[in-house]
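Engineer: First the structure, then my questions, so here it is.
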Amino acid sequence: MTNTLIFILAGAFSTATPLLLAAMGELVAEKSGVINLSIEGMMALGAAIAFMIAYQSGSHALGFLGGGLASVALSLIFSTLVLVLNANQVASGLAVGILGLGLSAFLARSFESLTIISLEKLDIPILTALPLIGPVAFHQDVVVYLGLGLAVALASFMSKTRGGLILRVVGEDPHIAHSLGFKVLRTRFLAISFGAAMAGLAGAYASTVLTPLWSDGMIIGRGWIALALVVFGTWRVFRILLGAYMFGLALLADLAVQSLGIRIPSQLLTSAPYVMTIIVLTVVSKDALRIKLNAPISLGENYKPSK
Amino acid sequence: MSVWPFEIVARTERSSRMLFVVPVLTVVLTVICATIMFTVTGNDAGTALYSIFVEPFLDAYGISEVLIKASPLIIIAQGLAIGFRARVWNIGAEGQLTIGAIFASLIPIYWVDQPFSLMLPSMIVAAGLGGVAWAAIAALLRTRFNASEIIVTLMLNQIAAQVLLYVINGPLKDPRGFSFPQSVSFPPEALYPLIVEGGLLRVNYSIILTLALSAVAWVFVAHSFSGYRLHVGGVAPAAARYAGFSANRAVWLSLLIGGACAGLAGVGEIAGPIGRLQPILSPGYGFAAIIVAFLGALTPIGIVLAGFFMAVIYVGTDGAVLSAGIPSSAPMVLQGLILVFYLMAYTLVNYQLRRKPGRMRA
């Protein structure tokens, strides 16, 4: 019983990591005023490329690098559509997302069902030996810790740096940002690229560490969960972090239900993240003032520079 | 400032000539990309393209398959386009299709041993209601609580998939179906009659319903005041408010029509080629229909053409996987490319590329 509990709680750190990485990327894109609905496809492409590279080279680091870069390359199409050609953000995101899913299956077709070795879990002296908390929190792979570190770094970037301020101003009101002398399109381009890189890394983690195998369709909706997380966390980094672990636990639902002998349909637990997201979105949107505090006001609207 | 000697300038009025150029350009660019792709994979690009774009038309079976696939794509896209024109972003057709199918399936599952003659019509009504009910959640949350319909409908897609898994593993599971997660096979009264009885052709009367509803959509969009109000709300929200057209009404109408149409597509699948409730009801029709809606320029006639085109891609690529050996993932890549190229080409309708004035570069 305790062992099962430890296994599930520790596992949630791993299942949460791709959600956290992708959601932090989407957060930055949305904060700049761009909603990117292609995360699912970007994660899939990142996962495919990372797996192919890691399989051939035996290096996880190279896999992550390749996965991140591949997603950024794919996002150039999205950036061109929404920033240069002023195409609708929703349609552009879906288009690029479908393309990413297709490309991932296409490029990695000869790798179907192959497996590699996952990253090893790191033991930390003293901490890992702690009862309960040791095996749960201090027996994880390096990417889990990097993800946590990145969350801290991102939170302070957003609230404490000039770059974070510019990002937020651009997302709130691109016209004011422009008149203050900030480069709206450049900021949005960087934000989209960062978001894509994170989605690619998230995919890389999914296919080379979490379940180290390639199988077409393996992202199975985790990109949509990441999108939900941003809303669930009301555009705040630490709430997103918390949400990622809750949703990560929900992804282990099947396992938990079976091993703990609870009699609830696993589909109920699997849909919990989506239901909770709808509830949170409803609550925060209801109060116009409250949603203004966090949600970028210009989200989804293109900015056309007037000359 | 930049080396690029051209700039993108807004047209003073939308170019209607470009509305015809854009789909053609989209198809040409997609074919070029497909040719490159097939050459890279070592397939004979000519054979592959022939399999995709010509073979579906060569025999009755191919045409029948195209009609089967076109029906759900067209009907969903007609519903979505009405919303998209009003800038209501229903991304939840896949979920509405699923819930519509579940609603409809209750009838033949409950009365499987006492089929009645009005079984199919009542299933069609139930499917429409199911789609409407699922879409109504998004409409309610948007109008009452200001919650983005994009996010809500996306989440509802995922939830609908879980609802389907739950019912076919639980209450609606075939008790004599061993451990397969599926319902009983529907009685013949619950199925759309085939257009050509007794042969191999699977095409049924759902395509006729789809085309009839497309005609209704055309009348609604082009000739009804309600359709006009929706459109004004989309292109000029301020003018619509000034004229007293209710924005909430537009959201409700858009989502309910979209939900009903997706629900009908759902019953078309379970009362058509599938004939029962099973874990996978659609190969992503709900998302592909978004492509169809845009490719059809959000107009009812355009959508019929775009729906047939997309159906040819589905059927043709299936065939090309067998005959020309192209990878089975090719259809999805092509779908993505079509929408990307369409959105790029669409810029030509509202913008034009012209040489930057007054600045000569050495």
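Residues are referred to by chain and number: the chain letter is A, B, ... according to the order shown in the structure tokens, the number counts from 1 in that chain, and ligands are numbered separately from 1 in the order shown.
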Using only C-alpha atoms, select each residue of chain A with any atom at most 7 Å away from an atom of chain B, and give the selection as a list in words.

Structural biologist: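 Using only C-alpha atoms, chain A residues at most 7 Å from chain B: Leu81, Leu85, Ala87, Ser92, Ala95, Val96, Ile98, Leu99, Gly102, Leu103, Ala105, Phe106, Gln267, Ser271, Tyr274, Ile278, Leu281, Thr282, Ser285 and Lys286 of chain A.
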
Engineer: Once you have the residues from the selection above, write them out as a compact mmCIF listing (two decimals), in the first residue's frame, restricted to N, CA and C atoms.

Structural biologist:
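Okay, this is what ended up in again18.txt:
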```
# COMPACT_ATOMS: atom_id res chain seq x y z
N LEU A 81 2.39 32.78 -40.53
CA LEU A 81 0.96 32.93 -40.74
C LEU A 81 0.38 34.06 -39.89
N LEU A 85 1.42 37.33 -42.12
CA LEU A 85 0.27 37.31 -43.04
C LEU A 85 -1.05 37.62 -42.33
N ALA A 87 -2.94 35.95 -40.50
CA ALA A 87 -3.97 34.91 -40.58
C ALA A 87 -4.56 34.68 -39.19
N SER A 92 -4.76 28.98 -37.80
CA SER A 92 -3.33 28.73 -38.05
C SER A 92 -2.78 27.70 -37.09
N ALA A 95 -4.00 24.29 -38.06
CA ALA A 95 -3.35 23.83 -39.29
C ALA A 95 -1.96 23.30 -38.98
N VAL A 96 -1.17 24.10 -38.26
CA VAL A 96 0.19 23.70 -37.96
C VAL A 96 0.20 22.48 -37.03
N ILE A 98 -2.06 20.00 -36.99
CA ILE A 98 -2.34 18.82 -37.80
C ILE A 98 -1.10 18.44 -38.61
N LEU A 99 -0.43 19.47 -39.16
CA LEU A 99 0.79 19.22 -39.93
C LEU A 99 1.84 18.55 -39.05
N GLY A 102 0.96 14.96 -38.44
CA GLY A 102 1.23 14.20 -39.67
C GLY A 102 2.71 13.97 -39.87
N LEU A 103 3.50 15.05 -39.72
CA LEU A 103 4.95 14.95 -39.93
C LEU A 103 5.60 13.98 -38.94
N ALA A 105 4.32 11.32 -37.54
CA ALA A 105 4.06 9.95 -37.96
C ALA A 105 4.85 9.62 -39.22
N PHE A 106 4.94 10.62 -40.10
CA PHE A 106 5.60 10.42 -41.39
C PHE A 106 7.11 10.21 -41.22
N GLN A 267 -12.32 6.49 -16.63
CA GLN A 267 -12.60 7.60 -17.55
C GLN A 267 -12.96 8.87 -16.79
N SER A 271 -10.93 12.31 -17.39
CA SER A 271 -11.52 13.57 -17.85
C SER A 271 -11.47 14.66 -16.79
N TYR A 274 -9.87 18.07 -17.65
CA TYR A 274 -10.63 18.90 -18.59
C TYR A 274 -11.83 19.53 -17.89
N ILE A 278 -12.51 23.59 -17.28
CA ILE A 278 -13.73 24.33 -17.65
C ILE A 278 -14.27 25.09 -16.44
N LEU A 281 -11.96 28.05 -15.67
CA LEU A 281 -12.13 29.09 -16.70
C LEU A 281 -13.43 29.85 -16.48
N THR A 282 -14.49 29.11 -16.14
CA THR A 282 -15.78 29.75 -15.92
C THR A 282 -15.72 30.71 -14.74
N SER A 285 -13.44 33.73 -15.58
CA SER A 285 -13.94 34.60 -16.65
C SER A 285 -15.16 35.39 -16.22
N LYS A 286 -15.89 34.85 -15.26
CA LYS A 286 -17.13 35.46 -14.81
C LYS A 286 -16.89 36.89 -14.35
```

Engineer: Taking the backbone alone, and naming residues the way the document does, which bits of stretch 79-247 of chain A are strand (DSSP E or B) by DSSP, as a list in words?

Structural biologist: Thr115, Leu122, Asp123, His139, Gln140 and Leu213 of chain A

Engineer: Within 9 Å of stretch 120-134 of chain B, counting only C-alpha atoms, which residues qualify if same-chain residues fewer than 3 places away don't, as a PyMOL selection string?

Structural biologist: chain B and resi 92-93+95-108+116-117+137-138+153+156+160+189-192+255-268+271

Engineer: I want to know what sits within 8 Å of stretch 68-79 of chain A, based on only C-alpha atoms, with residues of the same chain fewer than 3 positions away left out; could you give that as an MDAnalysis selection string?

Structural biologist: chainID A and resid 42:43 45:46 49 64:65 82:84 92:93 96 100 189 192:194 196:201 204

Engineer: Would you return as a VMD selection string the members of stretch 87-257 of chain B that DSSP assigns to helix (DSSP H, G or I) on this structure's backbone?

Structural biologist: chain B and resid 93 to 110 119 to 145 149 to 169 188 to 190 206 to 223 225 to 235 237 to 242 247 to 257

Engineer: Please compute the atom CA of A:Lys31-atom CA of A:Leu185 distance, one decimal, in Å.

Structural biologist: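 A separation of 13.3 Å between them.
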
Engineer: Taking 3 positions as the minimum chain separation for residues in the same chain, which residues sit within 12 Å of stretch 1-7 of chain A when counting only C-alpha atoms? Answer as an mmCIF file with N, CA and C atoms, in the first residue's frame.

Structural biologist:
```cif
data_model
loop_
_atom_site.group_PDB
_atom_site.id
_atom_site.type_symbol
_atom_site.label_atom_id
_atom_site.label_comp_id
_atom_site.auth_asym_id
_atom_site.auth_seq_id
_atom_site.Cartn_x
_atom_site.Cartn_y
_atom_site.Cartn_z
ATOM 1 N N ALA A 10 5.539 9.504 -6.824
ATOM 2 C CA ALA A 10 6.803 9.743 -7.517
ATOM 3 C C ALA A 10 6.572 9.778 -9.024
ATOM 4 N N GLY A 11 5.700 8.895 -9.494
ATOM 5 C CA GLY A 11 5.408 8.849 -10.928
ATOM 6 C C GLY A 11 4.797 10.131 -11.426
ATOM 7 N N ALA A 12 4.020 10.798 -10.569
ATOM 8 C CA ALA A 12 3.360 12.036 -10.983
ATOM 9 C C ALA A 12 4.380 13.118 -11.334
ATOM 10 N N PHE A 13 5.555 13.092 -10.682
ATOM 11 C CA PHE A 13 6.596 14.055 -11.048
ATOM 12 C C PHE A 13 6.976 13.878 -12.517
ATOM 13 N N SER A 14 7.061 12.612 -12.935
ATOM 14 C CA SER A 14 7.435 12.337 -14.324
ATOM 15 C C SER A 14 6.318 12.671 -15.293
ATOM 16 N N PRO A 131 12.532 9.174 4.723
ATOM 17 C CA PRO A 131 11.360 8.314 4.522
ATOM 18 C C PRO A 131 10.279 9.053 3.729
ATOM 19 N N LEU A 132 9.531 8.313 2.940
ATOM 20 C CA LEU A 132 8.432 8.812 2.109
ATOM 21 C C LEU A 132 8.858 9.909 1.132
ATOM 22 N N ILE A 133 9.254 11.074 1.681
ATOM 23 C CA ILE A 133 9.551 12.192 0.780
ATOM 24 C C ILE A 133 10.791 11.913 -0.066
ATOM 25 N N GLY A 134 11.722 11.155 0.488
ATOM 26 C CA GLY A 134 12.943 10.825 -0.254
ATOM 27 C C GLY A 134 12.656 10.131 -1.569
ATOM 28 N N PRO A 135 12.032 8.942 -1.508
ATOM 29 C CA PRO A 135 11.759 8.237 -2.768
ATOM 30 C C PRO A 135 10.756 8.957 -3.664
ATOM 31 N N VAL A 136 9.919 9.829 -3.094
ATOM 32 C CA VAL A 136 8.951 10.540 -3.932
ATOM 33 C C VAL A 136 9.614 11.703 -4.659
ATOM 34 N N ALA A 137 10.267 12.589 -3.918
ATOM 35 C CA ALA A 137 10.731 13.837 -4.511
ATOM 36 C C ALA A 137 12.212 13.831 -4.875
ATOM 37 N N PHE A 138 13.000 12.956 -4.255
ATOM 38 C CA PHE A 138 14.443 13.038 -4.491
ATOM 39 C C PHE A 138 15.008 11.796 -5.161
ATOM 40 N N HIS A 139 14.178 11.144 -5.945
ATOM 41 C CA HIS A 139 14.661 10.035 -6.754
ATOM 42 C C HIS A 139 14.032 10.194 -8.130
ATOM 43 N N GLN A 140 14.452 11.264 -8.813
ATOM 44 C CA GLN A 140 13.862 11.620 -10.106
ATOM 45 C C GLN A 140 14.978 11.837 -11.117
ATOM 46 N N LEU A 249 -1.030 13.482 -11.805
ATOM 47 C CA LEU A 249 -1.642 12.421 -10.996
ATOM 48 C C LEU A 249 -2.847 11.823 -11.719
ATOM 49 N N LEU A 252 -2.175 9.233 -14.145
ATOM 50 C CA LEU A 252 -1.867 7.923 -13.577
ATOM 51 C C LEU A 252 -3.132 7.262 -13.042
ATOM 52 N N LEU A 255 -3.778 3.461 -13.237
ATOM 53 C CA LEU A 255 -2.898 2.749 -12.329
ATOM 54 C C LEU A 255 -3.395 2.857 -10.895
ATOM 55 N N ALA A 256 -3.714 4.094 -10.516
ATOM 56 C CA ALA A 256 -4.125 4.355 -9.146
ATOM 57 C C ALA A 256 -5.405 3.592 -8.814
ATOM 58 N N VAL A 257 -6.349 3.655 -9.752
ATOM 59 C CA VAL A 257 -7.628 2.996 -9.525
ATOM 60 C C VAL A 257 -7.430 1.504 -9.321
ATOM 61 N N GLN A 258 -6.630 0.902 -10.204
ATOM 62 C CA GLN A 258 -6.403 -0.534 -10.102
ATOM 63 C C GLN A 258 -5.716 -0.919 -8.801
ATOM 64 N N SER A 259 -4.619 -0.189 -8.494
ATOM 65 C CA SER A 259 -3.800 -0.645 -7.379
ATOM 66 C C SER A 259 -4.429 -0.314 -6.027
ATOM 67 N N LEU A 260 -5.182 0.779 -5.960
ATOM 68 C CA LEU A 260 -5.765 1.132 -4.673
ATOM 69 C C LEU A 260 -7.133 0.487 -4.476
ATOM 70 N N GLY A 261 -7.612 -0.175 -5.527
ATOM 71 C CA GLY A 261 -8.879 -0.873 -5.390
ATOM 72 C C GLY A 261 -10.072 0.048 -5.241
#
```

Engineer: What's the 7 Å shell around B:Ile168, counting only C-alpha atoms, without same-chain residues fewer than 5 positions away, as a PDB file with N, CA, C and O atoms, in the first residue's frame?

Structural biologist:
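Just written: around-v3.pdb:
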```
ATOM      1  N   LYS B 173     -22.511  -1.442 -23.413  1.00  0.00           N
ATOM      2  CA  LYS B 173     -21.694  -2.523 -23.952  1.00  0.00           C
ATOM      3  C   LYS B 173     -22.578  -3.715 -24.337  1.00  0.00           C
ATOM      4  O   LYS B 173     -23.557  -4.021 -23.654  1.00  0.00           O
ATOM      5  N   PRO B 181     -15.060  -3.687 -26.322  1.00  0.00           N
ATOM      6  CA  PRO B 181     -15.774  -2.487 -25.895  1.00  0.00           C
ATOM      7  C   PRO B 181     -16.602  -1.925 -27.042  1.00  0.00           C
ATOM      8  O   PRO B 181     -16.201  -0.974 -27.706  1.00  0.00           O
ATOM      9  N   GLN B 182     -17.746  -2.499 -27.300  1.00  0.00           N
ATOM     10  CA  GLN B 182     -18.618  -1.986 -28.359  1.00  0.00           C
ATOM     11  C   GLN B 182     -20.059  -2.382 -28.057  1.00  0.00           C
ATOM     12  O   GLN B 182     -20.304  -3.267 -27.247  1.00  0.00           O
ATOM     13  N   SER B 183     -20.990  -1.700 -28.742  1.00  0.00           N
ATOM     14  CA  SER B 183     -22.409  -1.977 -28.496  1.00  0.00           C
ATOM     15  C   SER B 183     -22.852  -3.136 -29.379  1.00  0.00           C
ATOM     16  O   SER B 183     -22.073  -3.668 -30.170  1.00  0.00           O
ATOM     17  N   GLN B 278     -18.783   2.218 -31.178  1.00  0.00           N
ATOM     18  CA  GLN B 278     -17.456   1.620 -30.931  1.00  0.00           C
ATOM     19  C   GLN B 278     -16.486   2.712 -30.470  1.00  0.00           C
ATOM     20  O   GLN B 278     -16.825   3.897 -30.533  1.00  0.00           O
TER      21      GLN B 278
END
```

Engineer: Just want the 10 Å neighbourhood of stretch 174-180 of chain A, counted on only C-alpha atoms, with same-chain residues fewer than 3 positions away dropped. Output as a list in words.

Structural biologist: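 Residues near the query, excluding close chain neighbours: Ser32, Gly33, Ile166, Leu167, Arg168, Val169, Val170, Gly171, Lys183, Val184, Leu185, Arg188, Ile297, Ser298, Glu301, Asn302, Tyr303, Lys304, Pro305 and Ser306 of chain A.
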
Engineer: Suppose you want the space between atom CA of A:Thr80 and atom CA of B:Val40; what is it in Å?

Structural biologist: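 Taking atom CA of A:Thr80 and atom CA of B:Val40, their separation equals 25.1 Å.
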
Engineer: Quick one, how far is atom CA of B:Ser214 from atom CA of B:Leu19?

Structural biologist: 19.8 Å

Engineer: Return the single residue from A:Gly223, A:Gly66, A:Pro212, A:Gly41 that is closest to A:Ile117, with distances computed using only C-alpha atoms.

Structural biologist: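 Under the stated criterion, the closest residue is A:Pro212.
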